[in-house]
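Enquirer: What follows is a structure written as structure tokens; I'll ask about it next.
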Amino acid sequence: MAQQRGLVRTALRTPTGALALVTVVLLIVLAIVAPMIWGDKATTPNVDHLLEGGSAEHPLGTDNIGRDLLARTLVATRLSLVLSVLIVLVGAGIGVPLGALPTVLGRRSARLTAAITDFALAYPALLLAIFLSVILGAGPTAAVLALGIASAPAFARLTQTLAASVAGSDYVAAAHVLGLSRRRVLFRHVLPNIAEPIILNVTIAIGYALLALSGLSFLGLGVQPPSYDWGQLLTASLNRIYVAPEAALGPCVAIVIAGLAFNGLGEALARAASTRTSYVRSPRRGTAAFTPILPISDDQRVIDDPVLVVEGLTVTFPTGDGSIAPVRGISFSIGNGERIAIVGESGSGKSLTALSLAQLVPHPGTVRADRLEFVGRDLTDGSDPDNVVGTSMAMVFQDTSTSLNPALRIGTQLSEVAEVHGGLRRTEARRRAVDRLREVRLSGPERRLRQFPHELSGGMRQRVMIAVGLMGEPRLIVADEPTSALDVTVQQQILRLLKDIGDDTGASCLLITHDIAVATEMCDRILVMYAGRIVEDIDASRLWEGPTHPYTRALLAAVPDMDTDRDVELASIPGRPPDPADLPPGCAFAPRCAFATDKCREDAPPLLLDKTDSHRVACWHPQQGSVVAHEDDRLESEVG
Amino acid sequence: MTAIDVERLSVHFHARAGSVMAVDEVTMSVPPGAVVGLVGESGSGKSTLARAIVGLVSPTSGSIRIDGSDLATQSAGARRRARLPVQMIFQDPNSSLNPRMTVGAALSEALGARERIGRGTRDEEVAELLDLVTLDRRVATAYPRELSGGQRQRVAIARALAVKPDVLICDEVTSALDASVTGAILNLLRDLRRELGLSILFISHNLAVVRYVSDQIGVMYLGRIVEFAEAEALVRSPEHPYTSALLDAVPRLGGVDVEAPAELDRDVDDLQPPDRGCAFLPRCSAGPLVDPTREICAAMDPQAEASARRHEAACHFAKAES
């Protein structure tokens, strides 16, 4: 219930939502009190004032037996609303169970119910309503039934679609494995998870029901005199619309306002519901924990002719009452032909780092850096006049099913790059495309040009993505988890391909990955990120001897490799990564670290070179020796 | 007596282009108290096999025996009871927990699946389940979204343990988790196995993880188990060329071995298995592609002879490879 209340509050925050809610409340109040206040006035005939136009006494005029039309319009609110709600209740009452039935029934009966819904849905609802009310006879009961039944198929289809998506989820599978009855699965697992969108649609449907009911009454099929709703009032006033337009105006305005109010409220609730779900995923709002970054992470390595120099790179996102910084002042550089990996867990900021290099950080994030130079061009202020990012940086993403345009042929997507950035003519671009596809070792490159992405497997699509990157002349290939969605054998091929391309073209490579083993397989240097900072920068070859940051060491000991002793417990890191909105003052890893002291909890350690000149570590208490699993007896298992 | 016995089990899916054999006459068993690992790439049928065992997909043919009793011969109700001792843990704890139910509610519901219990004892049993997976008892009032990925996976494990199962089927349980949590979850599964005497069917695409937890390992390729052996034997001296290929592909720390054997450097995705003979033939480094005299691979399916050996490998030249 608390959730529902939160939903209404979020909906109220938008002006439309607030206005709609206020109007709906006013309408309900009116429906309750209007007959008590104006009931007599609305029904008392007055032979002295027949069919009058608007006057001070009767603002909307009077009807054919002299009843005040304003009073009648106000009083009609009750009947109009009550009937509309009843219509929706009938529609949802039939439709929702009908749509939910397939979840409970066996496969064959489920298909039959679905087919019935489809068939009913194929018939236009309003036509069906008119047809039904002709059969059922005129009158409010018939109108409610007719409109209710006519709207049922739409509810059934909505419920069916929603239920099907929930029924396919793992928690419903788990409930089946537990042997729970289908009825219980429906009521405990399926319905609660689809209730919200159904309630929203019911709200919107009230607006439509009101319109439809007024329509039926207007046609003389709905409410019959002496009862009256807005539609019926409209009929009575319409024949003198040229003489006294204000008489017809009353019910018209009422219908429009009520319809808009219910639709607006439903829309606002729906929007609130969708933003609220994304709220849960986004970091908790808190005070801005982002403080200026200490001038600590200068990359003291001297590299001749660097392809990329990054100093003090920070990415911030505004939140409700402040901002969070998922990347907090990192510095590194990539030499010509060098292959570097950024390793980290989810939320460490590794992907945002990659995106910020390509100026692809999603709105409303902002990127700041003390220095950001790519192939000698200054990109610090986010501008790129020579378009060096477009021509000299290639991006390879994880999800091969979304990184290529499904509607375009492979050939078009490849040659487009060369035509736009390289200024090549179509035939030349095509020749180069074939050439690049051969370079990424895709069989039958000429044939591939005519294929669409969905005709290729994941591994082949990833090859195409790399080929797209090669259409320019990249100096740096940024690969963000390029193999995480692929099988191991394919992963191996893609890694080797990236490595070979680096060797052949001299391009540098920045690999973003969560898998240290993958990183060591293809890169020269590993940057380990934790909570938006680089905590360790180490030669891939030295990782084997043992890194010195406790986080890197625990990470290595937590995942078994092919040589892990099967009798030894794996290491685990207690606790969970810090919330970017609520970072501890000192070292971000201190609360989970077995070696942390008061110094760690107060001062963030700078990323400094150790005695060797190729190893940087940000730790007050670096550990020595190779990483062996039993050393982590000190790290207790993850609790809470 | 074995915990799970699967005999000549097939699962076919009907697609527009015809039927797809997801699982193709698989025979395997999980002995009581043992951990049997299943590795294979996507599409190898390992998850479908697991879902068939717990009844989430219907087998096309073959039999599943749980604790000795054949499921096919039983009524629907009896089958449901017979399956209760086999519980499944899913890959993604984000989607395997009902977002609208507190941890306590989800666990009590699972407890109720076994037998009707009173409210008083129920809270106590929920607390005990949380202890079992080393979660704080206060977690009972939390909703899944308030928990970390590792904590959610622990809740999913606790839910499976609520019905006191004999067998756990773990389908890629660490794949969606961060590296720092993987170790903790694997440790927990090993402890639970020891404490509760559970049998585990452990499915993963990650050979290193499977090797670490399993006593025996089966390697699946295109719906079949092509090699089945003791874990260490399979890893140290694989007999099937596909197993060797998988082993070579495992990324290793130190990155020494980047030059993998050449046979895998082909468009593996592009290769269709032949109509007869060995399904692995188009990718095989031991078959006719390298040695033209080995025509038998194209003529005869090596699956039949495999089960005759203790270290089962469905390859005509398995011995020659070792």
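Each chain of the structure tokens is named A, B, ... in the order shown, its residues numbered from 1; ligands are numbered from 1 in display order.
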For segment 30-38 of chain A, find every residue with an atom within 9 Å (counting only C-alpha atoms), except residues of its own chain fewer than 3 positions away, and show them as a ChimeraX atom specification.

Expert: /A:25-27,41-43,71-72,74-82

Enquirer: With DSSP run on the backbone, what are the helix (DSSP H, G or I) residues within segment 64-292 of chain A? I'd like them as JSON, numbers by chain.

Expert: {"A": [69, 70, 71, 72, 73, 74, 75, 76, 77, 78, 79, 80, 81, 82, 83, 84, 85, 86, 87, 88, 89, 90, 91, 92, 93, 94, 95, 96, 97, 98, 99, 100, 101, 102, 103, 104, 107, 108, 109, 110, 111, 112, 113, 114, 115, 116, 117, 118, 119, 120, 121, 125, 126, 127, 128, 129, 130, 131, 132, 133, 134, 135, 136, 140, 141, 142, 143, 144, 145, 146, 147, 148, 149, 150, 151, 152, 153, 154, 155, 156, 157, 158, 159, 160, 161, 162, 163, 164, 165, 166, 167, 170, 171, 172, 173, 174, 175, 176, 177, 182, 183, 184, 185, 186, 187, 188, 189, 190, 191, 192, 193, 194, 195, 196, 197, 198, 199, 200, 201, 202, 203, 204, 205, 206, 207, 208, 209, 210, 211, 212, 213, 214, 215, 216, 217, 218, 230, 231, 232, 233, 234, 235, 236, 237, 238, 245, 246, 247, 248, 249, 250, 251, 252, 253, 254, 255, 256, 257, 258, 259, 260, 261, 262, 263, 264, 265, 266, 267, 268, 269, 270, 271, 272, 273, 274, 275, 276, 277, 278, 279, 280, 281]}

Enquirer: Please determine the contact residues of chain B with respect to chain A at a cut-off of 6 Å, counting only C-alpha atoms, and supply them as a VMD selection string.

Expert: chain B and resid 41 80 95 to 98 135 to 136 178 180 183 to 184 208 to 209 212 249 251 to 255

Enquirer: For the selection you just gave me, I'd like the residues written to a file as a PDB file, in the first residue's frame, keeping C-alpha atoms.

Expert:
ATOM      1  CA  GLU B  41      28.427 -23.482 -24.913  1.00  0.00           C
ATOM      2  CA  ARG B  80       4.737 -33.009  -8.384  1.00  0.00           C
ATOM      3  CA  SER B  95      14.558 -12.115 -11.890  1.00  0.00           C
ATOM      4  CA  SER B  96      14.255 -15.262  -9.810  1.00  0.00           C
ATOM      5  CA  LEU B  97      12.754 -13.468  -6.810  1.00  0.00           C
ATOM      6  CA  ASN B  98       9.258 -11.969  -6.877  1.00  0.00           C
ATOM      7  CA  LEU B 135      22.264 -14.051   5.941  1.00  0.00           C
ATOM      8  CA  ASP B 136      21.244 -11.776   8.767  1.00  0.00           C
ATOM      9  CA  ASP B 178      30.331  -9.990  -9.569  1.00  0.00           C
ATOM     10  CA  SER B 180      33.997 -10.736  -5.467  1.00  0.00           C
ATOM     11  CA  GLY B 183      33.774 -17.137  -4.313  1.00  0.00           C
ATOM     12  CA  ALA B 184      31.315 -16.697  -1.459  1.00  0.00           C
ATOM     13  CA  ALA B 208      37.088 -23.346 -14.202  1.00  0.00           C
ATOM     14  CA  VAL B 209      34.077 -22.906 -11.934  1.00  0.00           C
ATOM     15  CA  TYR B 212      36.258 -26.356  -8.818  1.00  0.00           C
ATOM     16  CA  ALA B 249      39.807 -21.582 -24.718  1.00  0.00           C
ATOM     17  CA  PRO B 251      41.293 -17.628 -20.299  1.00  0.00           C
ATOM     18  CA  ARG B 252      44.219 -18.190 -17.996  1.00  0.00           C
ATOM     19  CA  LEU B 253      45.871 -15.789 -15.657  1.00  0.00           C
ATOM     20  CA  GLY B 254      49.286 -14.854 -16.900  1.00  0.00           C
ATOM     21  CA  GLY B 255      48.146 -14.922 -20.478  1.00  0.00           C
TER      22      GLY B 255
END

Enquirer: Would you pick out the contacts of segment 70-72 of chain B at 9 Å or less, using only C-alpha atoms, so that residues sharing its chain but fewer than 6 positions from it are not included, and give the list as an NGL selection string?

Expert: :B and (5 or 62-64 or 78-79 or 82-83)

Enquirer: Between B:Asn187, B:Ser69, B:Ser214, B:Ser61, which one has atoms that come closest to Met21 of chain B, using only C-alpha atoms?

Expert: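 The shortest atom-to-atom distance to Met21 of chain B comes from B:Ser61.
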
Enquirer: Just want the 6 Å neighbourhood of Leu38 of chain B, counted on only C-alpha atoms, with same-chain residues fewer than 6 positions away dropped. Output as a list of chain:residue names.

Expert: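 Surrounding residues, per the criterion: B:Ile203, B:Ile217, B:Gly218, B:Val219.
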
Enquirer: Write to file, as an mmCIF file, in the first residue's frame, the residues of the selection just made, with C-alpha atoms.

Expert:
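Okay, this is what ended up in result-v7.cif:
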data_model
loop_
_atom_site.group_PDB
_atom_site.id
_atom_site.type_symbol
_atom_site.label_atom_id
_atom_site.label_comp_id
_atom_site.auth_asym_id
_atom_site.auth_seq_id
_atom_site.Cartn_x
_atom_site.Cartn_y
_atom_site.Cartn_z
ATOM 1 C CA ILE B 203 25.597 -26.243 -14.876
ATOM 2 C CA ILE B 217 31.951 -33.474 -15.362
ATOM 3 C CA GLY B 218 29.866 -33.980 -18.475
ATOM 4 C CA VAL B 219 30.627 -31.947 -21.583
#

Enquirer: Report, in Å to a single decimal, how far apart atom CA of Ser217 of chain A and atom CA of Asp229 of chain A are.

Expert: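 Pair atom CA of Asp229 of chain A / atom CA of Ser217 of chain A returns 7.7 Å.
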
Enquirer: Near Ala531 of chain A, within 10 Å and counting only C-alpha atoms, which residues show up once chain neighbours fewer than 3 positions away are dropped, as a tab-separated table (two decimals) with C-alpha atoms, in the first residue's frame?

Expert:
chain	number	residue	atom	x	y	z
A	325	ALA	CA	30.47	10.83	-9.26
A	326	PRO	CA	30.77	7.25	-10.57
A	327	VAL	CA	34.23	8.12	-11.95
A	328	ARG	CA	36.36	10.17	-9.56
A	344	GLY	CA	36.40	-3.79	-12.27
A	345	GLU	CA	33.08	-5.02	-10.97
A	346	SER	CA	29.68	-3.61	-11.84
A	347	GLY	CA	29.43	-0.05	-10.61
A	348	SER	CA	33.19	0.50	-10.54
A	349	GLY	CA	32.96	3.15	-13.26
A	350	LYS	CA	34.92	1.23	-15.88
A	534	ILE	CA	42.04	3.28	-10.13
A	535	VAL	CA	43.34	1.36	-7.13
A	577	PRO	CA	30.58	-2.01	-2.95
A	578	PRO	CA	29.84	1.44	-1.56
A	579	ASP	CA	26.89	3.48	-2.72
A	580	PRO	CA	28.26	6.26	-4.98
A	583	LEU	CA	31.13	7.09	-0.06
A	587	CYS	CA	39.74	4.66	1.16
A	588	ALA	CA	36.52	3.41	-0.46
A	589	PHE	CA	37.58	-0.19	0.09

Enquirer: Report the distance between atom CA of Glu416 of chain A and atom CA of Asn336 of chain A in Å, rounded to one decimal place.

Expert: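 Going from atom CA of Glu416 of chain A over to atom CA of Asn336 of chain A covers 27.4 Å.
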